[in-house]
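Trainee: To be precise about what I am sending: the file is called structure-v2.pdb and holds PDB, C-alpha atoms.
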ATOM      1  CA  MET C   1       0.000   0.000   0.000  1.00  0.00           C
ATOM      2  CA  VAL C   2       1.379   3.379  -0.974  1.00  0.00           C
ATOM      3  CA  SER C   3      -0.187   6.762  -0.377  1.00  0.00           C
ATOM      4  CA  GLN C   4      -1.397   8.513  -3.503  1.00  0.00           C
ATOM      5  CA  ASN C   5       0.145  11.713  -2.150  1.00  0.00           C
ATOM      6  CA  ALA C   6       3.587  10.106  -1.874  1.00  0.00           C
ATOM      7  CA  ILE C   7       3.955   9.244  -5.570  1.00  0.00           C
ATOM      8  CA  PRO C   8       4.231  12.180  -7.947  1.00  0.00           C
ATOM      9  CA  SER C   9       2.134  11.913 -11.069  1.00  0.00           C
ATOM     10  CA  ARG C  10       3.670  11.776 -14.522  1.00  0.00           C
ATOM     11  CA  LYS C  11       2.645  15.400 -14.855  1.00  0.00           C
ATOM     12  CA  HIS C  12       4.787  16.269 -11.812  1.00  0.00           C
ATOM     13  CA  LEU C  13       8.361  14.955 -11.590  1.00  0.00           C
ATOM     14  CA  GLY C  14       7.856  12.175 -14.121  1.00  0.00           C
ATOM     15  CA  GLY C  15       5.709   9.862 -11.978  1.00  0.00           C
ATOM     16  CA  TYR C  16       8.556   7.810 -10.478  1.00  0.00           C
ATOM     17  CA  ASN C  17       7.927   5.290  -7.719  1.00  0.00           C
ATOM     18  CA  PRO C  18       9.129   6.371  -4.271  1.00  0.00           C
ATOM     19  CA  TYR C  19      12.545   5.230  -3.020  1.00  0.00           C
ATOM     20  CA  VAL C  20      11.685   5.666   0.661  1.00  0.00           C
ATOM     21  CA  PHE C  21       8.912   4.782   3.066  1.00  0.00           C
ATOM     22  CA  THR C  22       7.529   6.765   5.947  1.00  0.00           C
ATOM     23  CA  GLU C  23       7.588   5.155   9.360  1.00  0.00           C
ATOM     24  CA  GLN C  24       3.856   4.463   9.035  1.00  0.00           C
ATOM     25  CA  GLY C  25       4.437   2.919   5.595  1.00  0.00           C
ATOM     26  CA  VAL C  26       7.015   0.528   7.030  1.00  0.00           C
ATOM     27  CA  ALA C  27       4.598  -0.451   9.803  1.00  0.00           C
ATOM     28  CA  MET C  28       1.871  -1.152   7.221  1.00  0.00           C
ATOM     29  CA  LEU C  29       4.296  -3.168   5.112  1.00  0.00           C
ATOM     30  CA  ALA C  30       5.264  -5.237   8.151  1.00  0.00           C
ATOM     31  CA  ARG C  31       1.646  -6.371   8.472  1.00  0.00           C
ATOM     32  CA  VAL C  32       1.623  -7.658   4.891  1.00  0.00           C
ATOM     33  CA  LEU C  33       5.048  -9.304   4.625  1.00  0.00           C
ATOM     34  CA  ASN C  34       5.558 -12.203   7.013  1.00  0.00           C
ATOM     35  CA  SER C  35       8.835 -13.816   5.938  1.00  0.00           C
ATOM     36  CA  GLU C  36      11.728 -13.942   8.400  1.00  0.00           C
ATOM     37  CA  ARG C  37      13.857 -11.684   6.177  1.00  0.00           C
ATOM     38  CA  ALA C  38      11.057  -9.106   5.825  1.00  0.00           C
ATOM     39  CA  ILE C  39      10.594  -9.045   9.600  1.00  0.00           C
ATOM     40  CA  GLN C  40      14.326  -8.455  10.180  1.00  0.00           C
ATOM     41  CA  VAL C  41      14.453  -5.685   7.577  1.00  0.00           C
ATOM     42  CA  ASN C  42      11.385  -3.989   9.055  1.00  0.00           C
ATOM     43  CA  ILE C  43      12.907  -4.109  12.538  1.00  0.00           C
ATOM     44  CA  ALA C  44      16.127  -2.557  11.216  1.00  0.00           C
ATOM     45  CA  ILE C  45      14.201   0.202   9.443  1.00  0.00           C
ATOM     46  CA  MET C  46      12.103   0.973  12.533  1.00  0.00           C
ATOM     47  CA  ARG C  47      15.301   1.177  14.620  1.00  0.00           C
ATOM     48  CA  ALA C  48      16.703   3.629  12.074  1.00  0.00           C
ATOM     49  CA  PHE C  49      13.606   5.824  12.482  1.00  0.00           C
ATOM     50  CA  VAL C  50      13.982   5.720  16.272  1.00  0.00           C
ATOM     51  CA  LYS C  51      17.669   6.662  16.003  1.00  0.00           C
ATOM     52  CA  LEU C  52      16.807   9.498  13.613  1.00  0.00           C
ATOM     53  CA  ARG C  53      14.241  10.879  16.071  1.00  0.00           C
ATOM     54  CA  GLU C  54      16.807  10.661  18.884  1.00  0.00           C
ATOM     55  CA  MET C  55      19.394  12.520  16.805  1.00  0.00           C
ATOM     56  CA  LEU C  56      16.920  15.246  15.853  1.00  0.00           C
ATOM     57  CA  SER C  57      15.889  15.630  19.477  1.00  0.00           C
ATOM     58  CA  ALA C  58      19.502  15.863  20.645  1.00  0.00           C
ATOM     59  CA  ASN C  59      20.308  18.463  17.996  1.00  0.00           C
ATOM     60  CA  LYS C  60      17.255  20.502  18.972  1.00  0.00           C
ATOM     61  CA  GLU C  61      18.336  20.467  22.607  1.00  0.00           C
ATOM     62  CA  LEU C  62      21.905  21.400  21.644  1.00  0.00           C
ATOM     63  CA  ALA C  63      20.659  24.268  19.454  1.00  0.00           C
ATOM     64  CA  HIS C  64      18.536  25.554  22.354  1.00  0.00           C
ATOM     65  CA  LYS C  65      21.519  25.449  24.719  1.00  0.00           C
ATOM     66  CA  LEU C  66      23.656  27.270  22.155  1.00  0.00           C
ATOM     67  CA  THR C  67      21.020  30.002  21.833  1.00  0.00           C
ATOM     68  CA  LEU C  68      20.925  30.433  25.611  1.00  0.00           C
ATOM     69  CA  LEU C  69      24.721  30.663  25.705  1.00  0.00           C
ATOM     70  CA  GLU C  70      24.754  33.262  22.919  1.00  0.00           C
ATOM     71  CA  ASN C  71      22.186  35.343  24.798  1.00  0.00           C
ATOM     72  CA  ARG C  72      24.272  35.198  27.975  1.00  0.00           C
ATOM     73  CA  ILE C  73      27.404  36.273  26.080  1.00  0.00           C
ATOM     74  CA  GLU C  74      25.590  39.153  24.374  1.00  0.00           C
ATOM     75  CA  LYS C  75      24.201  40.305  27.726  1.00  0.00           C
ATOM     76  CA  HIS C  76      27.665  40.069  29.307  1.00  0.00           C
ATOM     77  CA  ASP C  77      29.243  42.002  26.415  1.00  0.00           C
ATOM     78  CA  GLY C  78      26.597  44.713  26.723  1.00  0.00           C
ATOM     79  CA  GLU C  79      27.176  45.043  30.460  1.00  0.00           C
ATOM     80  CA  SER C  80      30.952  45.159  29.925  1.00  0.00           C
ATOM     81  CA  LYS C  81      30.654  47.975  27.376  1.00  0.00           C
ATOM     82  CA  GLN C  82      28.445  49.992  29.730  1.00  0.00           C
ATOM     83  CA  SER C  83      30.912  49.658  32.599  1.00  0.00           C
ATOM     84  CA  LEU C  84      33.813  50.815  30.380  1.00  0.00           C
ATOM     85  CA  THR C  85      32.183  53.993  29.044  1.00  0.00           C
ATOM     86  CA  PRO C  86      33.149  57.161  30.944  1.00  0.00           C
ATOM     87  CA  TYR C  87      30.466  59.066  32.793  1.00  0.00           C
ATOM     88  CA  ASN C  88      29.364  62.340  31.217  1.00  0.00           C
ATOM     89  CA  ASN C  89      29.550  64.640  34.284  1.00  0.00           C
TER      90      ASN C  89
END
What would you get if you wrote out this structure as structure tokens?

Mentor:
Amino acid sequence: MVSQNAIPSRKHLGGYNPYVFTEQGVAMLARVLNSERAIQVNIAIMRAFVKLREMLSANKELAHKLTLLENRIEKHDGESKQSLTPYNN
């Protein structure tokens, strides 16, 4: 089973068959194919999706921490510049 939205028509992009499955597509395929090899391949693909989600989550957390660090540095730089400027008395 393949989603009609996943395969471009001949009008758009030549109508080629997809080279990848979504995670839901792999789960649906696992229900249809019951050979030992198909089961092992489906397990490997599902593990790849889990690992991909973990990597994306870790990168999102790292990006957030980097943003917080940049904000702290900018605040520190701003405070340092204010303390170095002479008073206009």

Trainee: Kindly indicate which residue among C:Ser83, C:Ser57, C:Thr67, C:Asn42 lies nearest to Gln24 of chain C, using all atoms listed in the file for the distances.

Mentor: C:Asn42

Trainee: With all atoms listed in the file as the basis for distance, which of C:Lys65, C:Glu36, C:Phe21, C:Lys75 is at the shortest distance from Ala48 of chain C?

Mentor: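 Residue with the minimum atom-to-atom distance to Ala48 of chain C: C:Phe21.
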
Trainee: Exactly which residues make up the result of the PyMOL selection byres ((chain C and resi 26-34) around 12) on this file, given as a list in words?

Mentor: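 That selection, the PyMOL selection byres ((chain C and resi 26-34) around 12), comes back as Met1, Val2, Ser3, Val20, Phe21, Thr22, Glu23, Gln24, Gly25, Ser35, Glu36, Arg37, Ala38, Ile39, Gln40, Val41, Asn42, Ile43, Ala44, Ile45, Met46, Arg47, Ala48 and Phe49 of chain C.
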
Trainee: If you measure from atom CA of Leu62 of chain C to atom CA of His76 of chain C, what distance in Å do you get, rounded to one decimal?

Mentor: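 These atoms are spaced 21.0 Å apart.
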
Trainee: Quick one, how far is atom CA of Val50 of chain C from atom CA of Ala63 of chain C?

Mentor: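 Computing the Euclidean distance for atom CA of Val50 of chain C and atom CA of Ala63 of chain C yields 20.0 Å.
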
Trainee: Extract segment 33-59 of chain C from the coordinates I pasted, and write it as a short mmCIF file (atom, residue, chain, number, x, y, z; two decimals), in the first residue's frame (atoms kept: N, CA, C and O atoms).

Mentor:
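The resulting result_4.cif:
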data_model
loop_
_atom_site.label_atom_id
_atom_site.label_comp_id
_atom_site.auth_asym_id
_atom_site.auth_seq_id
_atom_site.Cartn_x
_atom_site.Cartn_y
_atom_site.Cartn_z
N LEU C 33 3.94 -8.37 4.87
CA LEU C 33 5.05 -9.30 4.62
C LEU C 33 5.37 -10.07 5.90
O LEU C 33 5.63 -9.47 6.93
N ASN C 34 5.36 -11.40 5.82
CA ASN C 34 5.56 -12.20 7.01
C ASN C 34 6.79 -13.11 6.97
O ASN C 34 6.96 -13.94 7.84
N SER C 35 7.65 -12.96 5.98
CA SER C 35 8.83 -13.82 5.94
C SER C 35 9.83 -13.36 7.01
O SER C 35 9.79 -12.24 7.48
N GLU C 36 10.73 -14.26 7.38
CA GLU C 36 11.73 -13.94 8.40
C GLU C 36 12.61 -12.77 7.96
O GLU C 36 12.91 -11.88 8.75
N ARG C 37 13.01 -12.77 6.71
CA ARG C 37 13.86 -11.68 6.18
C ARG C 37 13.12 -10.35 6.22
O ARG C 37 13.68 -9.33 6.60
N ALA C 38 11.85 -10.34 5.82
CA ALA C 38 11.06 -9.11 5.83
C ALA C 38 10.91 -8.57 7.24
O ALA C 38 11.00 -7.36 7.47
N ILE C 39 10.72 -9.46 8.20
CA ILE C 39 10.59 -9.04 9.60
C ILE C 39 11.89 -8.40 10.08
O ILE C 39 11.87 -7.34 10.71
N GLN C 40 13.03 -9.01 9.76
CA GLN C 40 14.33 -8.45 10.18
C GLN C 40 14.59 -7.10 9.54
O GLN C 40 15.09 -6.18 10.20
N VAL C 41 14.25 -6.96 8.27
CA VAL C 41 14.45 -5.69 7.58
C VAL C 41 13.56 -4.61 8.18
O VAL C 41 13.99 -3.47 8.41
N ASN C 42 12.30 -4.96 8.46
CA ASN C 42 11.39 -3.99 9.05
C ASN C 42 11.86 -3.54 10.43
O ASN C 42 11.78 -2.36 10.77
N ILE C 43 12.37 -4.46 11.22
CA ILE C 43 12.91 -4.11 12.54
C ILE C 43 14.08 -3.15 12.38
O ILE C 43 14.18 -2.15 13.10
N ALA C 44 14.96 -3.44 11.44
CA ALA C 44 16.13 -2.56 11.22
C ALA C 44 15.68 -1.16 10.78
O ALA C 44 16.23 -0.15 11.24
N ILE C 45 14.69 -1.10 9.92
CA ILE C 45 14.20 0.20 9.44
C ILE C 45 13.55 0.97 10.59
O ILE C 45 13.78 2.17 10.75
N MET C 46 12.75 0.30 11.40
CA MET C 46 12.10 0.97 12.53
C MET C 46 13.15 1.48 13.52
O MET C 46 13.01 2.57 14.07
N ARG C 47 14.22 0.71 13.74
CA ARG C 47 15.30 1.18 14.62
C ARG C 47 15.99 2.41 14.04
O ARG C 47 16.39 3.31 14.78
N ALA C 48 16.11 2.46 12.72
CA ALA C 48 16.70 3.63 12.07
C ALA C 48 15.83 4.86 12.30
O ALA C 48 16.34 5.96 12.56
N PHE C 49 14.51 4.69 12.21
CA PHE C 49 13.61 5.82 12.48
C PHE C 49 13.73 6.29 13.93
O PHE C 49 13.75 7.49 14.20
N VAL C 50 13.83 5.36 14.86
CA VAL C 50 13.98 5.72 16.27
C VAL C 50 15.28 6.49 16.48
O VAL C 50 15.32 7.52 17.14
N LYS C 51 16.37 5.99 15.88
CA LYS C 51 17.67 6.66 16.00
C LYS C 51 17.62 8.06 15.39
O LYS C 51 18.18 9.02 15.95
N LEU C 52 16.94 8.20 14.26
CA LEU C 52 16.81 9.50 13.61
C LEU C 52 16.06 10.47 14.52
O LEU C 52 16.47 11.63 14.67
N ARG C 53 14.98 10.01 15.15
CA ARG C 53 14.24 10.88 16.07
C ARG C 53 15.11 11.29 17.25
O ARG C 53 15.08 12.44 17.69
N GLU C 54 15.90 10.35 17.77
CA GLU C 54 16.81 10.66 18.88
C GLU C 54 17.83 11.71 18.48
O GLU C 54 18.12 12.64 19.23
N MET C 55 18.39 11.57 17.28
CA MET C 55 19.39 12.52 16.80
C MET C 55 18.78 13.90 16.62
O MET C 55 19.39 14.91 16.98
N LEU C 56 17.59 13.96 16.05
CA LEU C 56 16.92 15.25 15.85
C LEU C 56 16.61 15.90 17.19
O LEU C 56 16.77 17.11 17.35
N SER C 57 16.19 15.11 18.15
CA SER C 57 15.89 15.63 19.48
C SER C 57 17.15 16.16 20.14
O SER C 57 17.14 17.24 20.74
N ALA C 58 18.24 15.43 20.04
CA ALA C 58 19.50 15.86 20.65
C ALA C 58 19.99 17.15 20.00
O ALA C 58 20.48 18.05 20.68
N ASN C 59 19.87 17.25 18.68
CA ASN C 59 20.31 18.46 18.00
C ASN C 59 19.44 19.65 18.37
O ASN C 59 19.93 20.77 18.49
#
